[in-house]
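Read the structure below first, then the notes.
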Amino acid sequence: MEKIIDARKIREDFPILKVRPYGKSLIYFDNAATTQKPESVIKAIDDYYSGMNANVYRSAHYLSGVATNAYEEARNRVAKFINAGSENTIIFTRNATESINLVAYTWAMDNINEGDEIILTVAEHHSNILPWQMVADRKGAKLRYVYLNEDSRLDMASYKDMLNSRVKLVAVQHVSNVLGIINPVEEITEMAHKVGAKVLIDGAQSVPHMRVDVRKIGCDFFAFSGHKMMGPMGIGILYVKKELLNSVPPFLRGGEMIDEVYEDRATFAVPPLKFEAGTPNVEGAVGLSAAIEYIEGIGLDNIHSHEAELTQYALEKMREIDFVDIYGPRDMRDRGGVISFNVADIHPHDVSTILDQDGIAIRSGHHCALPLMRYLDVPATCRASFYIYNDMDEVDVFIDSLKNVRKWFKWS
Amino acid sequence: MEKIIDARKIREDFPILKVRPYGKSLIYFDNAATTQKPESVIKAIDDYYSGMNANVYRSAHYLSGVATNAYEEARNRVAKFINAGSENTIIFTRNATESINLVAYTWAMDNINEGDEIILTVAEHHSNILPWQMVADRKGAKLRYVYLNEDSRLDMASYKDMLNSRVKLVAVQHVSNVLGIINPVEEITEMAHKVGAKVLIDGAQSVPHMRVDVRKIGCDFFAFSGHKMMGPMGIGILYVKKELLNSVPPFLRGGEMIDEVYEDRATFAVPPLKFEAGTPNVEGAVGLSAAIEYIEGIGLDNIHSHEAELTQYALEKMREIDFVDIYGPRDMRDRGGVISFNVADIHPHDVSTILDQDGIAIRSGHHCALPLMRYLDVPATCRASFYIYNDMDEVDVFIDSLKNVRKWFKWS
Amino acid sequence: MELNQLYSEIILEHYQNSPNKKKMDDADIEEKGHNPLCGDTITIYLKMDGDIIKDASFTGQGCAISQASTSMLIDLVKGKKLDEAKKLIQEFTDMLYKRDVDLDDLGDAQALSGVADFPARVKCALLPWKTLEEVMEEKEEGK
Amino acid sequence: MELNQLYSEIILEHYQNSPNKKKMDDADIEEKGHNPLCGDTITIYLKMDGDIIKDASFTGQGCAISQASTSMLIDLVKGKKLDEAKKLIQEFTDMLYKRDVDLDDLGDAQALSGVADFPARVKCALLPWKTLEEVMEEKEEGK
Ligand SMILES: Cc1ncc(COP(=O)(O)O)c(C=O)c1O
Ligand SMILES: Cc1ncc(COP(=O)(O)O)c(C=O)c1O
């Protein structure tokens, strides 16, 4: 079979993959936590500070012009990447968490009131739970949760049951960082809109791995992080549907987001500047832009297929190990490259420490999804998550190491 | 006279200073907006992504350990740099603006009530005005302003007049980004504490340029930005006095800042993690740490003297040009390296565009200080602000260019 | 692009001695424009006769570019129908973004074509044109 | 440091077959410890006789390191005065941060010295010791 993506070649683009922990080849399977950066992104940051750095928008000098253009080009590229339509709908934040908090502190605090309902899912990341707990708490609204069906996918029937005119917001992740499920966000959005609810999609785990079209989804808010898509840390994105943009109040207040300021009051700039208080992270935007360029060079469909192949292969091999429990759907339909599992009698941390000695970086813990852990009735899990630089050979090493884990515990 | 700092040699450390706008040598006098980055900071970012990048705290694998150490070392270095005592008092934010907003949205919304008063100064940056307008507006509190005396310094007598038991917060900049005045924050803090008010210092323009000891100042909150001190964009700092730390409620909510999460409620981690929701900007922290190392290598006292020398020289030369108006104190006492000025009959933007053609980057506009502009009765000003890589030769070029500005307008 | 083209005779003339710069007390339409990033402000006054701009003037504070641009715009639109003015706005905008456009209709405002080489200043030149555009949008929305 | 030192016989024994791992219904003190970053939880039960820890046990869920460390701590502090326990906590902490310290008092817990080479796991080993420290702090604050 012809390889869609030649991971071995791609690895050449990533300087960090030459690191050898304890003398072993690094096998980086912690991509759902954060991704590694290709040379082109590292270089874009270097180039930015070596040739363009300035504060944006307000100075009339040469570098400020260059930096402003770079920043706006990045915004433009993000808008095109998720088919946002207007670049004004793209707000740069710090990370997906801040993007969601922005909506919670502004639109939600203004529009969600006593007796209103917010629908979440039990699989949400803390970053898409805690902001809504705050809103519910402060406004006397009610949180309701959608649970999973026997195939570890969202129980779509319960959306139907729960949606009514009291529901003001449906917040749901596009792809789960624990189960790998890809949720039918287009369908959920359509259902929610029918009862007049707004929809926020947490796309932290989708945008890096699959084609996303926010206007096709039709959602009102869409949040994601640069660092999970080979971009720098410290840059996140919030898309706000154009029709809503003007009615969302400002969040952080300060320089850059104003129109007029008097001692006792101020008026605000038009979006997106209205939402970007203080000196923006131009470096982050420029680095993110380079990451998108890199992703586009490979192609999101290729990335998705590559990950699907790896995931399928890994799942098959893991199922053969009888002391390994796997969480999540049994088939590959609508499934991303994330595998959560446990080794019988051994805590995930110990598993992770043992694999680490073989150079394999996986994540262990609750993955910022404690309600899901409780629902699955496990204190924690191990998680392997793939990206373009991973390949089947690495999966083989991982499987071998996994088979050996219990030996260290004199269990076999 | 022996040079304290050899700016010509220092310039070698800054790749961007080799950029030649319109074929001219770049003279970067827009340091109050943002500073340029030395090779060592750019390299620290490169090294981070090439050898350490991972999500921090929660994974047990090799890279995560390395990244976590780097992040915590950065926090430690910041704590030492401003003599914070415990590194737990150092919260990483996105920029100074977010640092101030954090205090506004949390401590202030909880502790400032109807009829309470907040004292600001007319010279504050928008980032230290708008958050308090929001608090005042939402809580029915009152904003009061301290104005300037005839020497363009804070009128300290009016603090005495205004301070009473209704005052819950005094927010004041350490150094003005327009006038260059260094405010007596230690004295202000002492006075404020006597009536039980808390004190927030906006140190965006002080920390990069002079020795700052937050415990000597005694303030409750202290905010600043990495990008203004040769660090990367996208990283800011909030210091919160240890005694207050636990009583400040969390701000952004999500991953990394929790203790326990249930479907309907959550408990929070201890500070500083409680305030750092989502994946932190480890790159930013690591870059900032390299910037502090660079600053310490030169010495803050040397930096301060160098800037004082340049400022004094520039002020003398500028005073000789009869069509130039200078704002700010007349002498060098307690004065930073920022000079705001106007050219008679020519708008600051036009001045800036004309100087730019000679390679000189100054800022023109309201400098995010519209209340001060109104108080000074000017629509905008030009601003030259210095740093370690500037020198007298550059000031000479600037003065020559400035003398020529009016010729372009056929005014002479 | 050289500074002496940016600050050409004709631009300076409009900036320093514009006969259009005056308040109009009996204006039918008074529209404020503001560029928050740099602080430039203008007010455009229009006296209308149905769809025709019978008279126009402006006041304002700002850089040479924004103020000259406003004066030139006033020159151009006086006596024009709103539709015609709309076309001029489009042509002027195209010129500043270096799009292919016929400049003949733009009169003195052609002198601002050089601003396109100073990206930081494009917003200054556009301010009055955007402001007039808002008048039209408000008219269309029936406000 | 090798894995077989991290997961040595003695640590595995404490992890897999600790006689100390049981609920104590008549405990005078019951203190929960939690490591939010990894999810380990323990509860330490103490039966006091004045200043002396007469009996101790624990329950919990977590990795081998945290659970073994708790079991070893229980072994050590049983029958000790709070002051003595405090000294042991300090010695154990010093050991994990590779500070120069005499390990003789630490009994089986010496086997955890290798954790110092696994920085990501130091917090697991420290969890019970920090938890016991909190008991003492609360006692001192008279809570
Ligand atoms: C005095 C002062 N305060 C606050 C800020 C805001 O800093 P930042 O834009 O990095 O948030 C600035 C810089 O613009 C400043 O000069
Ligand atoms: C599904 C999901 N949502 C939100 C987040 C939060 O992203 P960040 O930490 O970049 O804010 C993450 C990543 O941790 C995630 O996996």
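Ordering of the structure tokens sets the chain letters (A, B, ...); residue numbers start at 1 within each chain; ligands are numbered from 1 in the order shown.
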
Write down, as a ChimeraX atom specification, each residue of chain D that has any atom within 12 Å of an atom of chain A, counting only C-alpha atoms. /D:1-16,35-41,60-67,115,117-124

Kindly save the residues from that selection, with C-alpha atoms included, as a PDB file, in the first residue's frame.
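And here's again_39.pdb as it stands now:
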ATOM      1  CA  MET D   1      18.413   4.921  37.770  1.00  0.00           C
ATOM      2  CA  GLU D   2      16.717   1.850  36.443  1.00  0.00           C
ATOM      3  CA  LEU D   3      13.101   0.847  36.499  1.00  0.00           C
ATOM      4  CA  ASN D   4      13.813  -2.198  38.595  1.00  0.00           C
ATOM      5  CA  GLN D   5      14.987   0.115  41.342  1.00  0.00           C
ATOM      6  CA  LEU D   6      11.903   2.275  41.027  1.00  0.00           C
ATOM      7  CA  TYR D   7       9.688  -0.771  41.155  1.00  0.00           C
ATOM      8  CA  SER D   8      11.800  -2.746  43.619  1.00  0.00           C
ATOM      9  CA  GLU D   9      10.549  -5.756  45.580  1.00  0.00           C
ATOM     10  CA  ILE D  10      10.048  -3.747  48.702  1.00  0.00           C
ATOM     11  CA  ILE D  11       8.037  -1.013  46.976  1.00  0.00           C
ATOM     12  CA  LEU D  12       5.895  -3.537  45.165  1.00  0.00           C
ATOM     13  CA  GLU D  13       5.323  -5.392  48.419  1.00  0.00           C
ATOM     14  CA  HIS D  14       4.023  -2.203  50.067  1.00  0.00           C
ATOM     15  CA  TYR D  15       1.930  -1.450  47.008  1.00  0.00           C
ATOM     16  CA  GLN D  16       0.435  -4.866  46.454  1.00  0.00           C
ATOM     17  CA  ASN D  35      -2.819  15.300  43.918  1.00  0.00           C
ATOM     18  CA  PRO D  36      -5.026  17.131  41.409  1.00  0.00           C
ATOM     19  CA  LEU D  37      -2.461  16.944  38.642  1.00  0.00           C
ATOM     20  CA  CYS D  38      -2.486  13.155  38.508  1.00  0.00           C
ATOM     21  CA  GLY D  39      -5.570  12.194  40.471  1.00  0.00           C
ATOM     22  CA  ASP D  40      -3.934  10.188  43.263  1.00  0.00           C
ATOM     23  CA  THR D  41      -5.971  10.243  46.459  1.00  0.00           C
ATOM     24  CA  GLY D  60      -6.434   5.344  48.694  1.00  0.00           C
ATOM     25  CA  GLN D  61      -6.242   5.001  44.998  1.00  0.00           C
ATOM     26  CA  GLY D  62      -3.264   5.830  42.895  1.00  0.00           C
ATOM     27  CA  CYS D  63       0.022   4.762  41.443  1.00  0.00           C
ATOM     28  CA  ALA D  64       2.428   2.312  43.013  1.00  0.00           C
ATOM     29  CA  ILE D  65       4.657   5.106  44.220  1.00  0.00           C
ATOM     30  CA  SER D  66       2.017   7.094  46.066  1.00  0.00           C
ATOM     31  CA  GLN D  67       0.413   4.028  47.626  1.00  0.00           C
ATOM     32  CA  VAL D 115      12.177   8.416  42.831  1.00  0.00           C
ATOM     33  CA  ASP D 117      15.567  10.526  39.535  1.00  0.00           C
ATOM     34  CA  PHE D 118      12.001  10.646  38.184  1.00  0.00           C
ATOM     35  CA  PRO D 119      11.027  14.282  38.733  1.00  0.00           C
ATOM     36  CA  ALA D 120       7.521  13.701  37.378  1.00  0.00           C
ATOM     37  CA  ARG D 121       6.952  11.159  40.150  1.00  0.00           C
ATOM     38  CA  VAL D 122       8.359  13.046  43.132  1.00  0.00           C
ATOM     39  CA  LYS D 123       4.923  14.502  43.859  1.00  0.00           C
ATOM     40  CA  CYS D 124       3.446  11.003  43.991  1.00  0.00           C
TER      41      CYS D 124
END

Give me the residues within 8 Å of Thr131 of chain C as a VMD selection string, counting only C-alpha atoms and dropping any in the same chain fewer than 6 places off. chain C and resid 31 to 33 44

Could you list, as number ranges by chain, all residues that come within 10 Å of ligand 1? Count only C-alpha atoms and all ligand atoms. A: 55, 253-256, 276-281; B: 31-34, 93-101, 123-129, 172-178, 180, 201-206, 223-228, 233-237, 367-369

Distance in Å - atom CA of Phe251 of chain A versus atom CA of Ala108 of chain B: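 Result for atom CA of Phe251 of chain A versus atom CA of Ala108 of chain B: 15.4 Å, one decimal.
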
Exercise: Lys241 of chain B partners within 7 Å, only C-alpha atoms, chain neighbours under 6 positions left out, as a PyMOL selection string: chain B and resi 89+220-221

For the residues in that selection, give me C-alpha atoms as a compact mmCIF listing (two decimals), in the first residue's frame.
# COMPACT_ATOMS: atom_id res chain seq x y z
CA THR B 89 3.02 34.89 44.08
CA ASP B 220 -0.80 44.21 46.83
CA PHE B 221 -0.79 43.69 43.07

For segment 103-105 of chain A, list every protein, DNA or RNA residue within 10 Å, evaluated using only C-alpha atoms, and leave out those in the same chain fewer than 4 positions away; present the list as a list in words.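 Non-adjacent residues within range: Glu98, Ser99, Met109, Asp110, Asn111, Ile112, Asn128, Leu130, Pro131, Trp132, Gln133, Met134, Val135, Ala136, Leu200, Phe221, Phe222, Ala223, Leu238, Val240, Val248, Pro249, Pro250, Phe251 and Leu252 of chain A; Tyr105, Phe251, Leu252 and Arg253 of chain B.
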
Work out how far atom CA of Glu260 of chain B is from atom CA of Glu73 of chain B, in Å to one decimal. 26.6 Å

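The two atoms in question, atom CA of Asn342 of chain A and atom CA of Met318 of chain A, are spaced 10.6 Å apart.
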
Please identify the alpha helix (DSSP H) residues within segment 142-229 of chain B (assignment by DSSP from backbone atoms) and present them as JSON, numbers by chain. {"B": [156, 157, 158, 159, 160, 161, 162, 185, 186, 187, 188, 189, 190, 191, 192, 193, 194, 214, 215, 216, 217]}

Close residues, Glu316 of chain A itself excluded, 12 Å, only C-alpha atoms, min 4 positions apart in chain, as a ChimeraX atom specification: /A:309-312,320-322,324,326,330-332,339,392,395-396,399

At a cut-off of 12 Å, using only C-alpha atoms, what residues contact Lys87 of chain C? Leave out same-chain residues fewer than 6 positions from it and give the result as an mmCIF file with N, CA, C and O atoms, in the first residue's frame.
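Result file out09.cif:
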data_model
loop_
_atom_site.group_PDB
_atom_site.id
_atom_site.type_symbol
_atom_site.label_atom_id
_atom_site.label_comp_id
_atom_site.auth_asym_id
_atom_site.auth_seq_id
_atom_site.Cartn_x
_atom_site.Cartn_y
_atom_site.Cartn_z
ATOM 1 N N LEU C 76 -15.111 67.142 -4.326
ATOM 2 C CA LEU C 76 -15.589 66.202 -5.341
ATOM 3 C C LEU C 76 -17.091 65.962 -5.290
ATOM 4 O O LEU C 76 -17.742 65.828 -6.316
ATOM 5 N N VAL C 77 -17.634 65.860 -4.068
ATOM 6 C CA VAL C 77 -19.026 65.415 -3.964
ATOM 7 C C VAL C 77 -20.036 66.547 -4.054
ATOM 8 O O VAL C 77 -21.223 66.298 -4.237
ATOM 9 N N LYS C 80 -22.992 66.530 -6.480
ATOM 10 C CA LYS C 80 -23.166 65.167 -7.017
ATOM 11 C C LYS C 80 -24.361 64.465 -6.376
ATOM 12 O O LYS C 80 -24.757 64.772 -5.243
ATOM 13 N N LYS C 81 -24.889 63.488 -7.113
ATOM 14 C CA LYS C 81 -25.896 62.601 -6.532
ATOM 15 C C LYS C 81 -25.205 61.626 -5.589
ATOM 16 O O LYS C 81 -24.026 61.290 -5.773
ATOM 17 N N THR C 93 -11.066 54.184 -2.921
ATOM 18 C CA THR C 93 -10.607 53.045 -2.125
ATOM 19 C C THR C 93 -9.733 52.114 -2.972
ATOM 20 O O THR C 93 -8.663 51.675 -2.538
ATOM 21 N N ASP C 94 -10.200 51.839 -4.156
ATOM 22 C CA ASP C 94 -9.409 50.989 -5.063
ATOM 23 C C ASP C 94 -8.022 51.584 -5.298
ATOM 24 O O ASP C 94 -7.017 50.880 -5.293
ATOM 25 N N VAL C 101 -7.655 50.905 -11.499
ATOM 26 C CA VAL C 101 -8.847 51.754 -11.537
ATOM 27 C C VAL C 101 -8.549 53.020 -12.329
ATOM 28 O O VAL C 101 -7.419 53.500 -12.371
ATOM 29 N N ASP C 102 -9.585 53.540 -12.941
ATOM 30 C CA ASP C 102 -9.484 54.780 -13.706
ATOM 31 C C ASP C 102 -9.581 55.954 -12.744
ATOM 32 O O ASP C 102 -10.561 56.100 -12.019
ATOM 33 N N LEU C 103 -8.542 56.798 -12.706
ATOM 34 C CA LEU C 103 -8.491 57.852 -11.691
ATOM 35 C C LEU C 103 -9.118 59.170 -12.133
ATOM 36 O O LEU C 103 -9.220 60.102 -11.345
ATOM 37 N N ASP C 105 -11.917 60.513 -12.597
ATOM 38 C CA ASP C 105 -13.003 61.179 -11.864
ATOM 39 C C ASP C 105 -12.560 61.795 -10.544
ATOM 40 O O ASP C 105 -13.306 62.559 -9.948
ATOM 41 N N LEU C 106 -11.377 61.436 -10.084
ATOM 42 C CA LEU C 106 -11.050 61.758 -8.698
ATOM 43 C C LEU C 106 -10.450 63.145 -8.481
ATOM 44 O O LEU C 106 -10.210 63.548 -7.343
ATOM 45 N N TRP C 129 -13.823 59.120 3.469
ATOM 46 C CA TRP C 129 -14.569 58.333 2.483
ATOM 47 C C TRP C 129 -15.402 57.272 3.176
ATOM 48 O O TRP C 129 -16.555 57.019 2.807
ATOM 49 N N LEU C 132 -18.357 59.048 4.809
ATOM 50 C CA LEU C 132 -19.446 59.332 3.866
ATOM 51 C C LEU C 132 -20.200 58.048 3.507
ATOM 52 O O LEU C 132 -21.427 58.042 3.348
ATOM 53 N N GLU C 133 -19.454 56.979 3.432
ATOM 54 C CA GLU C 133 -20.085 55.684 3.146
ATOM 55 C C GLU C 133 -21.103 55.336 4.236
ATOM 56 O O GLU C 133 -22.175 54.803 3.955
ATOM 57 N N MET C 136 -24.367 56.956 3.801
ATOM 58 C CA MET C 136 -25.199 56.288 2.794
ATOM 59 C C MET C 136 -25.814 55.011 3.338
ATOM 60 O O MET C 136 -26.981 54.726 3.079
#

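With distances restricted to only C-alpha atoms, B:Gly359 is the closest residue to chain A from B:Gly65, B:Gly299, B:Pro329, B:Gly359.
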
Residues of chain C in strand (DSSP E or B) according to DSSP, as a VMD selection string? chain C and resid 21 29 to 34 41 to 49 52 to 61 81

Go ahead and dump the residues you just picked, N, CA, C and O atoms, as an mmCIF file, in the first residue's frame.
data_model
loop_
_atom_site.group_PDB
_atom_site.id
_atom_site.type_symbol
_atom_site.label_atom_id
_atom_site.label_comp_id
_atom_site.auth_asym_id
_atom_site.auth_seq_id
_atom_site.Cartn_x
_atom_site.Cartn_y
_atom_site.Cartn_z
ATOM 1 N N LYS C 21 -13.142 73.751 4.989
ATOM 2 C CA LYS C 21 -13.052 73.452 6.419
ATOM 3 C C LYS C 21 -13.804 74.528 7.206
ATOM 4 O O LYS C 21 -13.256 75.566 7.576
ATOM 5 N N ILE C 29 -27.325 66.800 7.202
ATOM 6 C CA ILE C 29 -26.640 65.600 7.696
ATOM 7 C C ILE C 29 -25.306 66.010 8.298
ATOM 8 O O ILE C 29 -24.587 66.856 7.737
ATOM 9 N N GLU C 30 -25.016 65.441 9.443
ATOM 10 C CA GLU C 30 -23.762 65.750 10.126
ATOM 11 C C GLU C 30 -23.214 64.402 10.572
ATOM 12 O O GLU C 30 -23.832 63.713 11.382
ATOM 13 N N GLU C 31 -22.110 64.000 10.019
ATOM 14 C CA GLU C 31 -21.601 62.652 10.338
ATOM 15 C C GLU C 31 -20.176 62.748 10.857
ATOM 16 O O GLU C 31 -19.311 63.357 10.238
ATOM 17 N N LYS C 32 -19.967 62.115 12.014
ATOM 18 C CA LYS C 32 -18.626 62.129 12.605
ATOM 19 C C LYS C 32 -17.841 60.908 12.155
ATOM 20 O O LYS C 32 -18.372 59.800 12.059
ATOM 21 N N GLY C 33 -16.577 61.113 11.908
ATOM 22 C CA GLY C 33 -15.690 59.998 11.615
ATOM 23 C C GLY C 33 -14.542 60.024 12.606
ATOM 24 O O GLY C 33 -14.120 61.099 13.038
ATOM 25 N N HIS C 34 -14.062 58.863 12.967
ATOM 26 C CA HIS C 34 -13.029 58.800 14.001
ATOM 27 C C HIS C 34 -12.140 57.590 13.744
ATOM 28 O O HIS C 34 -12.613 56.505 13.459
ATOM 29 N N THR C 41 -10.019 62.867 13.896
ATOM 30 C CA THR C 41 -11.482 63.001 13.889
ATOM 31 C C THR C 41 -11.902 64.005 12.830
ATOM 32 O O THR C 41 -11.204 64.993 12.572
ATOM 33 N N ILE C 42 -13.039 63.735 12.214
ATOM 34 C CA ILE C 42 -13.610 64.704 11.268
ATOM 35 C C ILE C 42 -15.129 64.720 11.441
ATOM 36 O O ILE C 42 -15.714 63.776 11.971
ATOM 37 N N THR C 43 -15.741 65.800 11.038
ATOM 38 C CA THR C 43 -17.191 65.847 10.930
ATOM 39 C C THR C 43 -17.509 66.344 9.515
ATOM 40 O O THR C 43 -16.949 67.355 9.072
ATOM 41 N N ILE C 44 -18.351 65.619 8.840
ATOM 42 C CA ILE C 44 -18.764 66.020 7.497
ATOM 43 C C ILE C 44 -20.182 66.590 7.569
ATOM 44 O O ILE C 44 -21.059 65.990 8.204
ATOM 45 N N TYR C 45 -20.368 67.757 6.964
ATOM 46 C CA TYR C 45 -21.700 68.395 6.941
ATOM 47 C C TYR C 45 -22.228 68.350 5.518
ATOM 48 O O TYR C 45 -21.528 68.707 4.567
ATOM 49 N N LEU C 46 -23.479 67.940 5.361
ATOM 50 C CA LEU C 46 -24.073 67.874 4.029
ATOM 51 C C LEU C 46 -25.403 68.615 4.015
ATOM 52 O O LEU C 46 -26.216 68.474 4.934
ATOM 53 N N LYS C 47 -25.596 69.391 2.961
ATOM 54 C CA LYS C 47 -26.913 70.008 2.726
ATOM 55 C C LYS C 47 -27.478 69.280 1.512
ATOM 56 O O LYS C 47 -26.867 69.231 0.451
ATOM 57 N N MET C 48 -28.641 68.681 1.677
ATOM 58 C CA MET C 48 -29.182 67.812 0.622
ATOM 59 C C MET C 48 -30.346 68.471 -0.109
ATOM 60 O O MET C 48 -31.099 69.267 0.452
ATOM 61 N N ASP C 49 -30.452 68.090 -1.365
ATOM 62 C CA ASP C 49 -31.637 68.449 -2.157
ATOM 63 C C ASP C 49 -32.090 67.148 -2.782
ATOM 64 O O ASP C 49 -31.593 66.746 -3.834
ATOM 65 N N ILE C 52 -29.426 64.818 -4.104
ATOM 66 C CA ILE C 52 -28.235 65.580 -4.523
ATOM 67 C C ILE C 52 -27.593 66.302 -3.340
ATOM 68 O O ILE C 52 -28.283 66.904 -2.508
ATOM 69 N N ILE C 53 -26.273 66.184 -3.288
ATOM 70 C CA ILE C 53 -25.525 66.899 -2.249
ATOM 71 C C ILE C 53 -25.358 68.346 -2.703
ATOM 72 O O ILE C 53 -24.525 68.648 -3.564
ATOM 73 N N LYS C 54 -26.188 69.218 -2.138
ATOM 74 C CA LYS C 54 -26.168 70.608 -2.607
ATOM 75 C C LYS C 54 -24.941 71.348 -2.100
ATOM 76 O O LYS C 54 -24.318 72.124 -2.822
ATOM 77 N N ASP C 55 -24.629 71.084 -0.847
ATOM 78 C CA ASP C 55 -23.448 71.744 -0.291
ATOM 79 C C ASP C 55 -22.804 70.816 0.727
ATOM 80 O O ASP C 55 -23.467 69.924 1.266
ATOM 81 N N ALA C 56 -21.518 71.019 0.950
ATOM 82 C CA ALA C 56 -20.801 70.156 1.895
ATOM 83 C C ALA C 56 -19.637 70.928 2.499
ATOM 84 O O ALA C 56 -19.073 71.836 1.878
ATOM 85 N N SER C 57 -19.307 70.572 3.732
ATOM 86 C CA SER C 57 -18.108 71.143 4.369
ATOM 87 C C SER C 57 -17.648 70.187 5.460
ATOM 88 O O SER C 57 -18.276 69.141 5.664
ATOM 89 N N PHE C 58 -16.560 70.533 6.128
ATOM 90 C CA PHE C 58 -16.092 69.635 7.192
ATOM 91 C C PHE C 58 -15.338 70.407 8.267
ATOM 92 O O PHE C 58 -14.876 71.530 8.036
ATOM 93 N N THR C 59 -15.258 69.813 9.426
ATOM 94 C CA THR C 59 -14.330 70.268 10.461
ATOM 95 C C THR C 59 -13.558 69.035 10.928
ATOM 96 O O THR C 59 -13.975 67.905 10.667
ATOM 97 N N GLY C 60 -12.469 69.266 11.616
ATOM 98 C CA GLY C 60 -11.734 68.083 12.071
ATOM 99 C C GLY C 60 -10.365 68.403 12.618
ATOM 100 O O GLY C 60 -9.925 69.554 12.616
ATOM 101 N N GLN C 61 -9.761 67.382 13.102
ATOM 102 C CA GLN C 61 -8.440 67.498 13.702
ATOM 103 C C GLN C 61 -7.679 66.234 13.329
ATOM 104 O O GLN C 61 -8.190 65.135 13.507
ATOM 105 N N LYS C 81 -24.889 63.488 -7.113
ATOM 106 C CA LYS C 81 -25.896 62.601 -6.532
ATOM 107 C C LYS C 81 -25.205 61.626 -5.589
ATOM 108 O O LYS C 81 -24.026 61.290 -5.773
#

From the options B:Glu187, B:Glu263, B:Asp151, B:Asp334, which residue's atoms come nearest to chain A, counting only C-alpha atoms?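 The answer is B:Glu263, which sits nearest to chain A.
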
Residues near Asp325 of chain A, cut-off 10 Å, only C-alpha atoms, skip fewer than 6 positions along chain, as a PyMOL selection string: chain A and resi 318-319+340-344+381

Requested write-out: N, CA and C atoms of the selected residues, as a PDB file, in the first residue's frame:
ATOM      1  N   MET A 318      -3.563  -3.596  20.190  1.00  0.00           N
ATOM      2  CA  MET A 318      -3.822  -3.471  21.628  1.00  0.00           C
ATOM      3  C   MET A 318      -4.902  -4.453  22.077  1.00  0.00           C
ATOM      4  N   ARG A 319      -5.865  -4.680  21.186  1.00  0.00           N
ATOM      5  CA  ARG A 319      -6.941  -5.618  21.542  1.00  0.00           C
ATOM      6  C   ARG A 319      -6.403  -7.028  21.750  1.00  0.00           C
ATOM      7  N   SER A 340      -7.521   5.846  24.564  1.00  0.00           N
ATOM      8  CA  SER A 340      -7.393   5.792  26.019  1.00  0.00           C
ATOM      9  C   SER A 340      -7.493   4.351  26.463  1.00  0.00           C
ATOM     10  N   PHE A 341      -6.659   3.981  27.411  1.00  0.00           N
ATOM     11  CA  PHE A 341      -6.637   2.575  27.823  1.00  0.00           C
ATOM     12  C   PHE A 341      -6.095   2.447  29.245  1.00  0.00           C
ATOM     13  N   ASN A 342      -6.242   1.279  29.786  1.00  0.00           N
ATOM     14  CA  ASN A 342      -5.626   0.966  31.070  1.00  0.00           C
ATOM     15  C   ASN A 342      -5.005  -0.423  31.036  1.00  0.00           C
ATOM     16  N   VAL A 343      -4.019  -0.603  31.862  1.00  0.00           N
ATOM     17  CA  VAL A 343      -3.382  -1.910  32.016  1.00  0.00           C
ATOM     18  C   VAL A 343      -3.866  -2.475  33.350  1.00  0.00           C
ATOM     19  N   ALA A 344      -4.358  -3.712  33.320  1.00  0.00           N
ATOM     20  CA  ALA A 344      -4.942  -4.292  34.524  1.00  0.00           C
ATOM     21  C   ALA A 344      -3.962  -4.243  35.694  1.00  0.00           C
ATOM     22  N   THR A 381      -6.676   7.259  33.142  1.00  0.00           N
ATOM     23  CA  THR A 381      -6.356   6.360  32.032  1.00  0.00           C
ATOM     24  C   THR A 381      -4.997   6.733  31.458  1.00  0.00           C
TER      25      THR A 381
END
